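Q: Structure file entry_10.txt, compact mmCIF, C-alpha atoms, is pasted below:
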# COMPACT_ATOMS: atom_id res chain seq x y z
CA MET A 1 28.04 -11.18 15.01
CA LYS A 2 30.08 -13.33 12.66
CA ILE A 3 30.02 -14.22 8.98
CA ARG A 4 29.56 -17.92 8.33
CA LYS A 5 28.88 -20.23 5.42
CA VAL A 6 25.43 -21.58 4.79
CA THR A 7 25.18 -25.29 5.58
CA ALA A 8 22.57 -27.88 4.63
CA ALA A 9 21.45 -27.94 8.27
CA ASP A 10 20.46 -24.26 8.03
CA LEU A 11 17.91 -24.81 5.25
CA LYS A 12 14.87 -26.95 4.55
CA LEU A 13 12.20 -27.04 1.89
CA GLY A 14 9.37 -24.56 2.44
CA MET A 15 11.20 -22.40 4.98
CA LEU A 16 11.52 -18.63 4.71
CA ILE A 17 15.20 -17.72 4.86
CA PRO A 18 15.76 -15.69 8.06
CA TRP A 19 18.74 -13.70 6.78
CA ASN A 20 20.16 -12.15 3.62
CA VAL A 21 22.50 -14.57 1.84
CA TYR A 22 25.58 -13.16 0.10
CA GLY A 23 28.03 -14.58 -2.44
CA GLU A 24 31.82 -14.58 -2.17
CA ASN A 25 32.03 -11.13 -3.77
CA GLY A 26 29.50 -9.67 -1.33
CA ALA A 27 26.65 -9.58 -3.85
CA LEU A 28 23.20 -10.38 -2.49
CA LEU A 29 22.14 -13.85 -3.62
CA VAL A 30 18.82 -14.16 -1.80
CA ARG A 31 16.90 -11.62 0.25
CA LYS A 32 15.67 -12.46 3.73
CA GLY A 33 12.14 -13.88 3.59
CA HIS A 34 12.64 -15.83 0.35
CA MET A 35 10.94 -19.24 0.45
CA ILE A 36 13.03 -22.33 -0.30
CA ALA A 37 11.10 -24.16 -3.01
CA SER A 38 13.51 -26.87 -4.22
CA ALA A 39 16.51 -28.99 -3.28
CA ASN A 40 18.45 -27.28 -6.07
CA GLN A 41 18.09 -23.95 -4.26
CA ILE A 42 19.50 -25.50 -1.09
CA ASP A 43 22.49 -26.94 -2.98
CA TYR A 44 23.10 -23.59 -4.68
CA LEU A 45 23.08 -21.63 -1.42
CA VAL A 46 25.21 -24.17 0.45
CA GLU A 47 27.80 -24.01 -2.32
CA ARG A 48 27.96 -20.22 -2.64
CA GLY A 49 26.26 -18.51 0.26
CA SER A 50 27.27 -16.82 3.51
CA PHE A 51 25.26 -14.82 6.04
CA GLU A 52 25.64 -12.66 9.12
CA ASP A 53 25.05 -14.86 12.17
CA HIS A 54 23.58 -12.81 15.04
CA SER A 55 22.58 -15.77 17.20
CA GLY A 56 23.70 -16.15 20.77
CA GLY A 57 25.33 -12.76 21.34
CA GLN A 58 24.33 -9.55 23.10
CA ASP A 59 23.99 -7.91 19.70
CA ALA A 60 21.46 -10.50 18.55
CA ALA A 61 19.30 -8.90 15.95
CA ARG A 62 15.62 -8.59 16.76
CA GLU A 63 13.38 -9.58 13.92
CA PRO A 64 11.73 -6.44 12.53
CA ASP A 65 8.04 -5.81 13.05
CA SER A 66 5.78 -6.60 10.13
CA ALA A 67 4.12 -3.67 8.37
CA LEU A 68 1.65 -6.09 6.77
CA ARG A 69 0.71 -7.63 10.11
CA LYS A 70 0.13 -4.20 11.63
CA LEU A 71 -2.08 -3.11 8.73
CA ASN A 72 -4.09 -6.33 8.89
CA ALA A 73 -4.59 -5.77 12.62
CA ALA A 74 -5.68 -2.21 11.91
CA SER A 75 -8.17 -3.47 9.31
CA LEU A 76 -9.68 -6.02 11.68
CA ALA A 77 -9.99 -3.44 14.46
CA LEU A 78 -11.59 -0.90 12.13
CA GLN A 79 -13.99 -3.58 10.89
CA THR A 80 -15.42 -3.82 14.41
CA LEU A 81 -15.76 -0.03 14.85
CA LEU A 82 -17.31 1.26 11.62
CA PRO A 83 -20.60 -0.72 11.61
CA PRO A 84 -21.73 0.41 15.10
CA LEU A 85 -20.68 3.98 14.28
CA ALA A 86 -22.78 3.84 11.10
CA ALA A 87 -25.71 2.44 13.14
CA HIS A 88 -25.60 5.30 15.72
CA ALA A 89 -24.28 2.83 18.31
CA ALA A 90 -20.63 3.83 18.61
CA PRO A 91 -18.82 2.69 21.78
CA PRO A 92 -18.15 5.42 24.37
CA ASP A 93 -14.39 5.05 23.89
CA LEU A 94 -14.62 5.39 20.10
CA ARG A 95 -11.91 8.05 19.77
CA ARG A 96 -9.39 6.09 21.83
CA ARG A 97 -10.01 2.94 19.82
CA LEU A 98 -9.78 4.76 16.49
CA GLU A 99 -6.53 6.38 17.64
CA GLU A 100 -5.17 2.89 18.32
CA VAL A 101 -6.00 1.95 14.72
CA ALA A 102 -4.35 5.14 13.45
CA LEU A 103 -1.24 4.30 15.48
CA LEU A 104 -1.06 0.84 13.89
CA VAL A 105 -1.12 2.47 10.44
CA ALA A 106 1.57 4.97 11.42
CA ASP A 107 3.72 2.18 12.89
CA ALA A 108 3.36 0.12 9.71
CA VAL A 109 4.60 3.00 7.57
CA ALA A 110 7.47 3.56 10.00
CA VAL A 111 8.46 -0.12 9.95
CA ASN A 112 8.72 -0.28 6.15
CA VAL A 113 7.09 2.32 3.93
CA ASP A 114 7.72 0.19 0.84
CA ALA A 115 5.92 -2.83 2.28
CA ALA A 116 3.14 -0.61 3.63
CA THR A 117 2.44 1.05 0.27
CA ALA A 118 2.73 -2.30 -1.54
CA THR A 119 -0.26 -3.57 0.46
CA LEU A 120 -2.50 -1.34 -1.68
CA LEU A 121 -1.76 -3.68 -4.58
CA HIS A 122 -0.94 -7.00 -2.91
CA ASN A 123 -3.28 -7.25 0.08
CA GLN A 124 -6.65 -6.61 -1.49
CA THR A 125 -8.54 -9.57 -0.02
CA ALA A 126 -7.65 -9.21 3.65
CA THR A 127 -10.85 -7.39 4.67
CA PRO A 128 -14.03 -6.07 3.00
CA TYR A 129 -13.49 -3.29 0.49
CA ALA A 130 -15.01 -0.47 2.57
CA VAL A 131 -12.60 -1.17 5.42
CA ARG A 132 -9.60 -1.92 3.22
CA HIS A 133 -10.05 1.29 1.25
CA SER A 134 -10.02 3.34 4.46
CA ILE A 135 -6.79 1.66 5.58
CA ASP A 136 -5.23 2.13 2.14
CA THR A 137 -6.17 5.81 2.17
CA ALA A 138 -4.71 6.18 5.66
CA VAL A 139 -1.40 4.69 4.45
CA ILE A 140 -1.14 7.21 1.60
CA ALA A 141 -2.24 9.99 3.97
CA GLN A 142 0.65 9.06 6.26
CA VAL A 143 3.09 9.21 3.34
CA LEU A 144 1.81 12.66 2.35
CA ALA A 145 1.84 13.89 5.95
CA LYS A 146 5.48 12.95 6.33
CA ALA A 147 6.36 14.60 3.03
CA LYS A 148 4.57 17.78 4.12
CA GLN A 149 6.17 17.58 7.59
CA LEU A 150 2.81 17.97 9.28
CA SER A 151 2.60 18.27 13.04
CA PRO A 152 1.73 15.10 15.00
CA GLU A 153 -1.69 16.60 15.77
CA ASP A 154 -2.52 17.30 12.12
CA THR A 155 -1.17 13.91 11.05
CA LEU A 156 -3.42 12.18 13.57
CA SER A 157 -6.49 14.17 12.51
CA LEU A 158 -5.79 13.39 8.85
CA THR A 159 -5.33 9.68 9.55
CA LEU A 160 -8.49 9.48 11.67
CA ALA A 161 -10.41 11.18 8.87
CA ALA A 162 -9.12 8.62 6.36
CA LEU A 163 -10.32 5.80 8.60
CA THR A 164 -13.85 7.23 8.97
CA MET A 165 -14.45 9.25 5.78
CA ASN A 166 -16.96 6.79 4.28
CA VAL A 167 -18.78 5.60 7.39
CA ALA A 168 -22.07 7.07 6.16
CA MET A 169 -22.09 4.88 3.05
CA LEU A 170 -20.64 1.71 4.52
CA ALA A 171 -23.43 -0.56 3.27
CA GLN A 172 -23.44 0.91 -0.24
CA HIS A 173 -19.68 0.50 -0.57
CA GLN A 174 -19.76 -3.21 0.15
CA ARG A 175 -22.86 -3.89 -1.96
CA LEU A 176 -21.36 -2.08 -4.95
CA GLN A 177 -18.12 -3.98 -4.50
CA ASP A 178 -20.01 -7.28 -4.62
CA SER A 179 -22.16 -6.32 -7.62
CA ARG A 180 -21.53 -5.75 -11.30
CA ALA A 181 -24.37 -3.23 -11.50
CA GLU A 182 -23.73 0.47 -11.87
CA PRO A 183 -24.74 2.63 -8.86
CA ASN A 184 -28.47 3.37 -8.92
CA ALA A 185 -30.18 6.65 -8.04
CA ALA A 186 -30.33 5.81 -4.33
CA ASP A 187 -26.62 4.92 -4.35
CA ARG A 188 -25.74 8.20 -6.05
CA ALA A 189 -27.83 10.15 -3.54
CA ALA A 190 -26.05 8.41 -0.65
CA LEU A 191 -22.71 9.18 -2.30
CA LEU A 192 -23.46 12.89 -2.54
CA ALA A 193 -24.73 13.01 1.04
CA HIS A 194 -22.09 10.93 2.77
CA PRO A 195 -19.61 13.70 3.73
CA GLU A 196 -22.21 15.64 5.71
CA ALA A 197 -23.84 12.49 7.03
CA GLY A 198 -20.45 11.17 8.17
CA VAL A 199 -19.72 14.38 10.06
CA GLN A 200 -23.12 14.10 11.76
CA LEU A 201 -22.45 10.49 12.81
CA LEU A 202 -19.10 11.43 14.30
CA ARG A 203 -20.51 14.43 16.16
CA GLN A 204 -23.22 12.20 17.63
CA ALA A 205 -20.47 9.82 18.76
CA GLY A 206 -18.74 12.61 20.64
CA ILE A 207 -16.05 13.59 18.11
CA SER A 208 -15.32 17.33 18.22
CA ASP A 209 -11.93 17.52 16.46
CA GLN A 210 -12.72 20.18 13.86
CA ALA A 211 -9.74 19.35 11.63
CA TRP A 212 -10.89 15.72 11.49
CA LEU A 213 -14.49 16.68 10.75
CA ASP A 214 -13.51 19.25 8.11
CA CYS A 215 -11.40 16.66 6.30
CA ILE A 216 -14.46 14.44 5.95
CA LEU A 217 -16.80 17.26 5.02
CA TYR A 218 -14.56 18.61 2.25
CA HIS A 219 -12.75 15.51 0.91
CA HIS A 220 -14.92 15.37 -2.23
CA GLU A 221 -14.65 19.06 -3.09
CA ASN A 222 -12.74 19.95 -6.27
CA GLU A 223 -10.30 22.74 -6.98
CA ASP A 224 -12.63 24.23 -9.60
CA GLY A 225 -15.75 24.10 -7.39
CA SER A 226 -17.34 21.15 -9.20
CA GLY A 227 -17.21 18.81 -6.23
CA TYR A 228 -19.68 18.14 -3.42
CA PRO A 229 -21.43 18.69 -1.05
CA LEU A 230 -20.73 22.44 -0.71
CA HIS A 231 -19.08 23.25 -4.08
CA LYS A 232 -16.05 24.84 -2.43
CA SER A 233 -13.01 25.68 -4.52
CA GLY A 234 -9.34 26.55 -4.21
CA ALA A 235 -8.35 28.04 -0.88
CA GLN A 236 -11.85 27.41 0.49
CA ILE A 237 -10.89 23.74 0.84
CA PRO A 238 -8.84 23.13 4.03
CA PRO A 239 -5.26 21.95 3.39
CA LEU A 240 -5.74 18.68 5.27
CA ALA A 241 -8.89 17.92 3.28
CA ARG A 242 -6.91 18.37 0.06
CA LEU A 243 -4.43 15.75 1.25
CA LEU A 244 -7.23 13.37 2.16
CA ALA A 245 -8.92 13.91 -1.21
CA LEU A 246 -5.72 12.98 -3.05
CA ALA A 247 -5.04 9.91 -0.90
CA ASP A 248 -8.65 8.77 -1.28
CA ARG A 249 -8.70 9.13 -5.05
CA TYR A 250 -5.38 7.40 -5.64
CA ALA A 251 -6.30 4.47 -3.37
CA ALA A 252 -9.70 4.12 -5.06
CA ARG A 253 -8.25 4.05 -8.57
CA VAL A 254 -5.76 1.26 -7.91
CA ALA A 255 -8.22 -0.89 -5.93
CA GLU A 256 -9.70 -3.97 -7.56
CA ARG A 257 -13.43 -3.31 -7.90
CA VAL A 258 -16.05 -5.09 -9.97
CA TRP A 259 -18.11 -2.08 -10.99
CA ARG A 260 -15.35 0.42 -11.76
CA LYS A 261 -12.21 0.14 -13.86
CA THR A 262 -9.03 -0.62 -11.95
CA LEU A 263 -6.01 1.43 -13.00
CA ALA A 264 -2.38 0.44 -12.84
CA PRO A 265 -0.60 2.63 -10.28
CA HIS A 266 1.35 4.65 -12.85
CA ALA A 267 -1.87 5.23 -14.82
CA ALA A 268 -3.67 6.39 -11.68
CA LEU A 269 -0.91 8.92 -11.03
CA ARG A 270 -1.02 10.03 -14.65
CA ASP A 271 -4.76 10.61 -14.49
CA LEU A 272 -4.44 12.61 -11.29
CA LEU A 273 -1.73 14.68 -12.90
CA LEU A 274 -4.01 15.39 -15.87
CA GLU A 275 -6.65 16.59 -13.40
CA SER A 276 -4.21 19.00 -11.73
CA ASN A 277 -5.80 22.26 -10.66
CA VAL A 278 -9.19 21.11 -11.95
CA THR A 279 -10.19 18.54 -9.36
CA ILE A 280 -6.94 18.17 -7.40
CA ASP A 281 -4.20 20.56 -6.29
CA GLY A 282 -1.44 20.01 -8.87
CA ASN A 283 1.33 20.67 -6.37
CA LEU A 284 0.07 17.83 -4.19
CA VAL A 285 -0.11 15.44 -7.13
CA THR A 286 3.51 16.24 -7.93
CA LEU A 287 4.37 15.59 -4.28
CA LEU A 288 2.64 12.20 -4.36
CA ILE A 289 4.49 11.20 -7.53
CA ARG A 290 7.76 12.23 -5.91
CA GLU A 291 7.01 10.07 -2.87
CA LEU A 292 5.67 7.00 -4.69
CA GLY A 293 7.79 7.20 -7.84
CA ILE A 294 6.72 6.89 -11.46
CA TYR A 295 6.37 3.15 -10.81
CA PRO A 296 4.92 2.84 -7.28
CA ILE A 297 6.11 0.02 -5.06
CA GLY A 298 4.30 -3.22 -5.84
CA THR A 299 3.75 -2.47 -9.55
CA TRP A 300 4.07 -5.48 -11.86
CA VAL A 301 6.51 -4.81 -14.71
CA ARG A 302 8.17 -6.55 -17.63
CA LEU A 303 11.86 -5.80 -18.13
CA ILE A 304 13.73 -5.39 -21.40
CA ASN A 305 15.25 -8.86 -20.96
CA GLY A 306 11.75 -10.39 -20.70
CA GLU A 307 11.73 -11.04 -16.98
CA ILE A 308 8.60 -10.14 -15.01
CA GLY A 309 8.71 -8.83 -11.50
CA VAL A 310 7.43 -6.33 -8.99
CA VAL A 311 8.85 -2.95 -8.09
CA SER A 312 10.27 -3.64 -4.63
CA ARG A 313 11.94 -0.41 -3.57
CA ARG A 314 12.69 3.04 -4.86
CA GLY A 315 15.84 3.78 -6.80
CA LEU A 316 18.02 6.86 -7.02
CA GLN A 317 15.59 8.28 -9.57
CA SER A 318 11.82 7.91 -9.78
CA THR A 319 12.12 6.31 -13.22
CA THR A 320 14.62 3.61 -12.19
CA PRO A 321 13.32 1.67 -9.18
CA HIS A 322 14.62 -1.68 -7.98
CA VAL A 323 12.65 -4.68 -9.21
CA THR A 324 12.42 -8.21 -7.85
CA SER A 325 12.11 -10.55 -10.83
CA VAL A 326 9.88 -13.56 -10.14
CA ILE A 327 9.25 -14.93 -13.65
CA GLY A 328 11.96 -15.67 -16.18
CA PRO A 329 12.07 -14.42 -19.77
CA ARG A 330 10.51 -17.66 -21.04
CA GLY A 331 7.56 -17.44 -18.66
CA ALA A 332 8.74 -19.95 -16.06
CA PRO A 333 8.65 -18.98 -12.35
CA LEU A 334 12.14 -18.38 -10.99
CA GLU A 335 13.26 -20.66 -8.19
CA LEU A 336 15.41 -17.84 -6.85
CA PHE A 337 14.01 -14.34 -7.18
CA LEU A 338 16.48 -11.94 -8.78
CA GLN A 339 17.18 -8.38 -7.66
CA ARG A 340 17.34 -6.01 -10.63
CA ASP A 341 18.51 -2.41 -10.75
CA THR A 342 16.53 -0.90 -13.62
CA ARG A 343 19.29 1.57 -14.43
CA GLY A 344 20.96 -1.29 -16.31
CA GLU A 345 20.21 -1.53 -20.02
CA LEU A 346 18.94 -5.12 -19.95
CA HIS A 347 16.95 -4.58 -16.77
CA ALA A 348 15.18 -1.36 -17.72
CA ILE A 349 11.40 -1.42 -17.49
CA ARG A 350 9.74 -2.20 -20.82
CA GLU A 351 6.10 -2.03 -19.71
CA VAL A 352 3.74 -2.11 -16.77
CA LEU A 353 1.48 -5.15 -16.46
CA GLY A 354 -2.05 -5.17 -15.14
CA THR A 355 -3.35 -7.77 -12.70
CA ALA A 356 -5.24 -9.58 -15.48
CA GLN A 357 -2.04 -9.90 -17.53
CA VAL A 358 -0.19 -11.30 -14.52
CA ALA A 359 -3.02 -13.72 -13.74
CA ALA A 360 -2.89 -15.01 -17.33
CA LEU A 361 0.70 -16.12 -16.73
CA GLN A 362 -0.58 -18.67 -14.20
CA ALA A 363 2.41 -18.16 -11.94
CA PRO A 364 2.24 -19.22 -8.28
CA PRO A 365 0.60 -16.54 -6.08
CA LEU A 366 3.07 -13.96 -4.86
CA ARG A 367 3.42 -13.73 -1.10
CA MET A 368 4.55 -10.30 0.05
CA GLU A 369 7.09 -11.81 2.44
CA GLN A 370 8.94 -13.31 -0.51
CA VAL A 371 9.72 -9.80 -1.80
CA TRP A 372 9.80 -7.55 1.29
CA GLY A 373 11.01 -10.07 3.87
CA ARG A 374 9.89 -10.23 7.48
CA SER A 375 8.55 -6.66 7.34
CA ALA A 376 5.77 -8.12 5.16
CA ALA A 377 5.18 -11.31 7.15
CA VAL A 378 1.58 -12.26 7.77
Just give me the structure as C-alpha cells.
A:
Amino acid sequence: MKIRKVTAADLKLGMLIPWNVYGENGALLVRKGHMIASANQIDYLVERGSFEDHSGGQDAAREPDSALRKLNAASLALQTLLPPLAAHAAPPDLRRRLEEVALLVADAVAVNVDAATATLLHNQTATPYAVRHSIDTAVIAQVLAKAKQLSPEDTLSLTLAALTMNVAMLAQHQRLQDSRAEPNAADRAALLAHPEAGVQLLRQAGISDQAWLDCILYHHENEDGSGYPLHKSGAQIPPLARLLALADRYAARVAERVWRKTLAPHAALRDLLLESNVTIDGNLVTLLIRELGIYPIGTWVRLINGEIGVVSRRGLQSTTPHVTSVIGPRGAPLELFLQRDTRGELHAIREVLGTAQVAALQAPPLRMEQVWGRSAAV
C-alpha cells in the first residue's frame, strides 16, 4: 500500500470513487462510493486529494460485500417462498431455503449494520411491501439479538419468524398497500387470525421449531393482555416473541404505506417508548433506542447551518450522530457531499424532515452508495 495523489486519469464523470480521498491535513474530502457529477469536482480532487493505493500488491484490499445487495437478494428469495407457503404448496426443502434467506440478512448486518438499518428508509421500492416488511423486521430482529447476546439457535429462530410472521395474510398485506381504503371487516378478521393461521401453515410445511412457531403465535400480544390472539400478558409472552413484536412494530411504523400514517424514525421510537409496559416491554424499547440512536441511521435532518442531509453513522452519543449533508443551506444539491459531526454548534441537528418534505425540495434521488459506499452498492 502507498499514498498517492489523485490524478485526472483516476477520475471520470459519473464514476463512483473507489477509495476515500483525503486532503493534505488528513481530513476526509470525499467518502468512497461518492459519484463524480461535474468537472469541477474532478479539478478539486486532483488539486487537493490523495488516497491509499492498494493495487498490485499482496495486501490488495478486497472490496467489501454489499449489505444492500445481500438484503435485496434475501427479498427476492423470500418473494419466491412465501406465496407457495401461503397456498399450502411449500417446497419440501422450505426450512433450508428460509435459513439461506436468514443467513443473507445476518450477513448484511455483519457487513455494515448502518447500511443495513438504513435500507428500512431508503430501499422501500425494491420488493412488494409484504416481503419488504418481513426483511426489514428481520434486520431489526438481528440488531436486537446481537444486543441481547442471544445464542445462534435463538437468533436463527427469531430471524426465521420475522421472515414468515405474516404469511397467513400475504394477499391482504399487498392489497392494503396498493389501496387507499381502510381495512374492511374481512381484512380485520384475517389480521386477528393470522398468527394462529401462520403457525398452522408452517406446521403443515414440516416446521417443528417451537421457538420459531411461538414467536409467530405471540408477536401481536401486548404486555397488558390487550393483544391477540390469546390475550397473553407480561411473562406469559415468550422473550423471543417480545423481540419480534418490537421489531415488527418499529419496521411497520417507518414504512411508507398508503393506508396508514408513516412516522419518522425518531417519532416511531418515541411512540413505542410512550407505549412502554402497556403494549411493549419498556426495557426492550430502551434497548432498541440505544442500538439505533435517537436519530436512527438514514433519517433526513436539517442542521443549524441550514444544510440538509441523512444520518450516516452513529456518534459517540445517541443525540449527536454523524450526518452526510447532501443539500446546501440555500437549497441547492451539493456537488460534494459533506461529512458533519453534529457535536459542532453549526452542525447540530435542528429538525427531522419527513419524506414529503424532502421530496418537496426536488433534489436528485439519493442513492445509498453515495452515502454508505460500496457496502450499499446495488
Q: Counting all atoms listed in the file, which of A:Leu191, A:Leu336, A:Val21, A:Ala197 gets nearest to Leu176 in chain A?
A: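 The answer is A:Leu191, which sits nearest to Leu176 in chain A.
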Q: If we count only C-alpha atoms and set the cut-off at 8 Å, which residues sit around Ile216 in chain A, ignoring sequence neighbours fewer than 5 positions away in its own chain? Please answer as an NGL selection string.
A: :A and (161-162 or 164-165 or 195-196 or 198-199 or 241)
Q: I'd like the neighbourhood of His231 in chain A as a list in words, where a residue qualifies if any of its atoms comes within 12 Å (using all atoms listed in the file), though same-chain residues fewer than 2 positions away should be ignored.
A: Leu192, Leu217, Tyr218, His219, His220, Glu221, Asn222, Glu223, Asp224, Gly225, Ser226, Gly227, Tyr228, Pro229, Ser233, Gly234, Gln236, Ile237 and Thr279 of chain A
Q: Pick from A:Ala138, A:Ala130, A:Leu274, A:Val378: nearest to Leu104 in chain A, with all atoms listed in the file counted?
A: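 Of all the options, A:Ala138 lies closest to Leu104 in chain A.
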Q: Figure out the distance between CA of Met368 in chain A and CA of Val310 in chain A, please, to one decimal in Å.
A: 10.3 Å
Q: Using all atoms listed in the file, which of A:Arg340, A:Ser318, A:Val6, A:Arg290 sits nearest Lys148 in chain A?
A: A:Arg290
Q: For Glu275 in chain A, work out the shell of residues within 10 Å, counting only C-alpha atoms and skipping chain neighbours fewer than 5 positions away, then give it as JSON, numbers by chain.
A: {"A": [222, 223, 269, 270, 280, 281, 282, 285]}
Q: Please list as a PDB file with C-alpha atoms, keeping the file's coordinate frame every residue within 9 Å of Thr137 in chain A, counting all atoms listed in the file and excluding residues in the same chain fewer than 2 positions away.
A:
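Final file, around-v8.pdb:
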ATOM      1  CA  LEU A 120      -2.500  -1.340  -1.680  1.00  0.00           C
ATOM      2  CA  ARG A 132      -9.600  -1.920   3.220  1.00  0.00           C
ATOM      3  CA  HIS A 133     -10.050   1.290   1.250  1.00  0.00           C
ATOM      4  CA  SER A 134     -10.020   3.340   4.460  1.00  0.00           C
ATOM      5  CA  ILE A 135      -6.790   1.660   5.580  1.00  0.00           C
ATOM      6  CA  VAL A 139      -1.400   4.690   4.450  1.00  0.00           C
ATOM      7  CA  ILE A 140      -1.140   7.210   1.600  1.00  0.00           C
ATOM      8  CA  ALA A 141      -2.240   9.990   3.970  1.00  0.00           C
ATOM      9  CA  GLN A 142       0.650   9.060   6.260  1.00  0.00           C
ATOM     10  CA  THR A 159      -5.330   9.680   9.550  1.00  0.00           C
ATOM     11  CA  ALA A 162      -9.120   8.620   6.360  1.00  0.00           C
ATOM     12  CA  LEU A 163     -10.320   5.800   8.600  1.00  0.00           C
ATOM     13  CA  LEU A 244      -7.230  13.370   2.160  1.00  0.00           C
ATOM     14  CA  LEU A 246      -5.720  12.980  -3.050  1.00  0.00           C
ATOM     15  CA  ALA A 247      -5.040   9.910  -0.900  1.00  0.00           C
ATOM     16  CA  ASP A 248      -8.650   8.770  -1.280  1.00  0.00           C
ATOM     17  CA  ARG A 249      -8.700   9.130  -5.050  1.00  0.00           C
ATOM     18  CA  TYR A 250      -5.380   7.400  -5.640  1.00  0.00           C
ATOM     19  CA  ALA A 251      -6.300   4.470  -3.370  1.00  0.00           C
ATOM     20  CA  ALA A 252      -9.700   4.120  -5.060  1.00  0.00           C
TER      21      ALA A 252
END
Q: Taking into account all atoms listed in the file, which residue in the set A:Glu335, A:Asp107, A:Asp214, A:Glu307 is nearest to Asp65 in chain A?
A: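 Smallest separation from Asp65 in chain A among the options: A:Asp107.
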Q: In Å, how far is it from CA of Lys232 in chain A to CA of Leu288 in chain A?
A: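 That distance, rounded to one decimal, is 22.6 Å.
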Q: I'd like to know which of A:Gln41, A:Gln210, A:Ser50, A:Thr7 is closest to Tyr22 in chain A, using all atoms listed in the file.
A: A:Ser50
Q: Output range 125-131 of chain A with all heavy atoms present, as a PDB file, in the coordinates of the input.
A:
ATOM      1  N   THR A 125      -7.480  -8.677  -0.462  1.00  0.00           N
ATOM      2  CA  THR A 125      -8.540  -9.570  -0.020  1.00  0.00           C
ATOM      3  C   THR A 125      -8.554  -9.775   1.487  1.00  0.00           C
ATOM      4  O   THR A 125      -9.278 -10.627   1.995  1.00  0.00           O
ATOM      5  CB  THR A 125      -8.423 -10.939  -0.706  1.00  0.00           C
ATOM      6  OG1 THR A 125      -7.145 -11.527  -0.376  1.00  0.00           O
ATOM      7  CG2 THR A 125      -8.531 -10.817  -2.226  1.00  0.00           C
ATOM      8  N   ALA A 126      -7.768  -8.993   2.212  1.00  0.00           N
ATOM      9  CA  ALA A 126      -7.650  -9.210   3.650  1.00  0.00           C
ATOM     10  C   ALA A 126      -8.939  -8.885   4.396  1.00  0.00           C
ATOM     11  O   ALA A 126      -9.318  -9.592   5.335  1.00  0.00           O
ATOM     12  CB  ALA A 126      -6.495  -8.376   4.218  1.00  0.00           C
ATOM     13  N   THR A 127      -9.619  -7.827   4.008  1.00  0.00           N
ATOM     14  CA  THR A 127     -10.850  -7.390   4.670  1.00  0.00           C
ATOM     15  C   THR A 127     -11.805  -6.843   3.614  1.00  0.00           C
ATOM     16  O   THR A 127     -11.406  -6.590   2.476  1.00  0.00           O
ATOM     17  CB  THR A 127     -10.549  -6.287   5.707  1.00  0.00           C
ATOM     18  OG1 THR A 127      -9.702  -5.308   5.117  1.00  0.00           O
ATOM     19  CG2 THR A 127      -9.898  -6.849   6.954  1.00  0.00           C
ATOM     20  N   PRO A 128     -13.081  -6.632   3.965  1.00  0.00           N
ATOM     21  CA  PRO A 128     -14.030  -6.070   3.000  1.00  0.00           C
ATOM     22  C   PRO A 128     -13.542  -4.746   2.424  1.00  0.00           C
ATOM     23  O   PRO A 128     -12.812  -3.998   3.085  1.00  0.00           O
ATOM     24  CB  PRO A 128     -15.304  -5.888   3.834  1.00  0.00           C
ATOM     25  CG  PRO A 128     -15.188  -6.888   4.923  1.00  0.00           C
ATOM     26  CD  PRO A 128     -13.728  -6.969   5.247  1.00  0.00           C
ATOM     27  N   TYR A 129     -13.999  -4.458   1.209  1.00  0.00           N
ATOM     28  CA  TYR A 129     -13.490  -3.290   0.490  1.00  0.00           C
ATOM     29  C   TYR A 129     -13.630  -1.999   1.276  1.00  0.00           C
ATOM     30  O   TYR A 129     -12.685  -1.191   1.328  1.00  0.00           O
ATOM     31  CB  TYR A 129     -14.210  -3.134  -0.855  1.00  0.00           C
ATOM     32  CG  TYR A 129     -13.871  -1.817  -1.520  1.00  0.00           C
ATOM     33  CD1 TYR A 129     -12.628  -1.623  -2.115  1.00  0.00           C
ATOM     34  CD2 TYR A 129     -14.771  -0.746  -1.487  1.00  0.00           C
ATOM     35  CE1 TYR A 129     -12.295  -0.410  -2.685  1.00  0.00           C
ATOM     36  CE2 TYR A 129     -14.438   0.472  -2.067  1.00  0.00           C
ATOM     37  CZ  TYR A 129     -13.206   0.637  -2.660  1.00  0.00           C
ATOM     38  OH  TYR A 129     -12.869   1.846  -3.207  1.00  0.00           O
ATOM     39  N   ALA A 130     -14.787  -1.743   1.886  1.00  0.00           N
ATOM     40  CA  ALA A 130     -15.010  -0.470   2.570  1.00  0.00           C
ATOM     41  C   ALA A 130     -13.969  -0.228   3.657  1.00  0.00           C
ATOM     42  O   ALA A 130     -13.490   0.894   3.842  1.00  0.00           O
ATOM     43  CB  ALA A 130     -16.419  -0.433   3.164  1.00  0.00           C
ATOM     44  N   VAL A 131     -13.614  -1.285   4.367  1.00  0.00           N
ATOM     45  CA  VAL A 131     -12.600  -1.170   5.420  1.00  0.00           C
ATOM     46  C   VAL A 131     -11.218  -1.055   4.802  1.00  0.00           C
ATOM     47  O   VAL A 131     -10.408  -0.200   5.192  1.00  0.00           O
ATOM     48  CB  VAL A 131     -12.678  -2.372   6.371  1.00  0.00           C
ATOM     49  CG1 VAL A 131     -11.517  -2.350   7.374  1.00  0.00           C
ATOM     50  CG2 VAL A 131     -14.012  -2.376   7.117  1.00  0.00           C
TER      51      VAL A 131
END
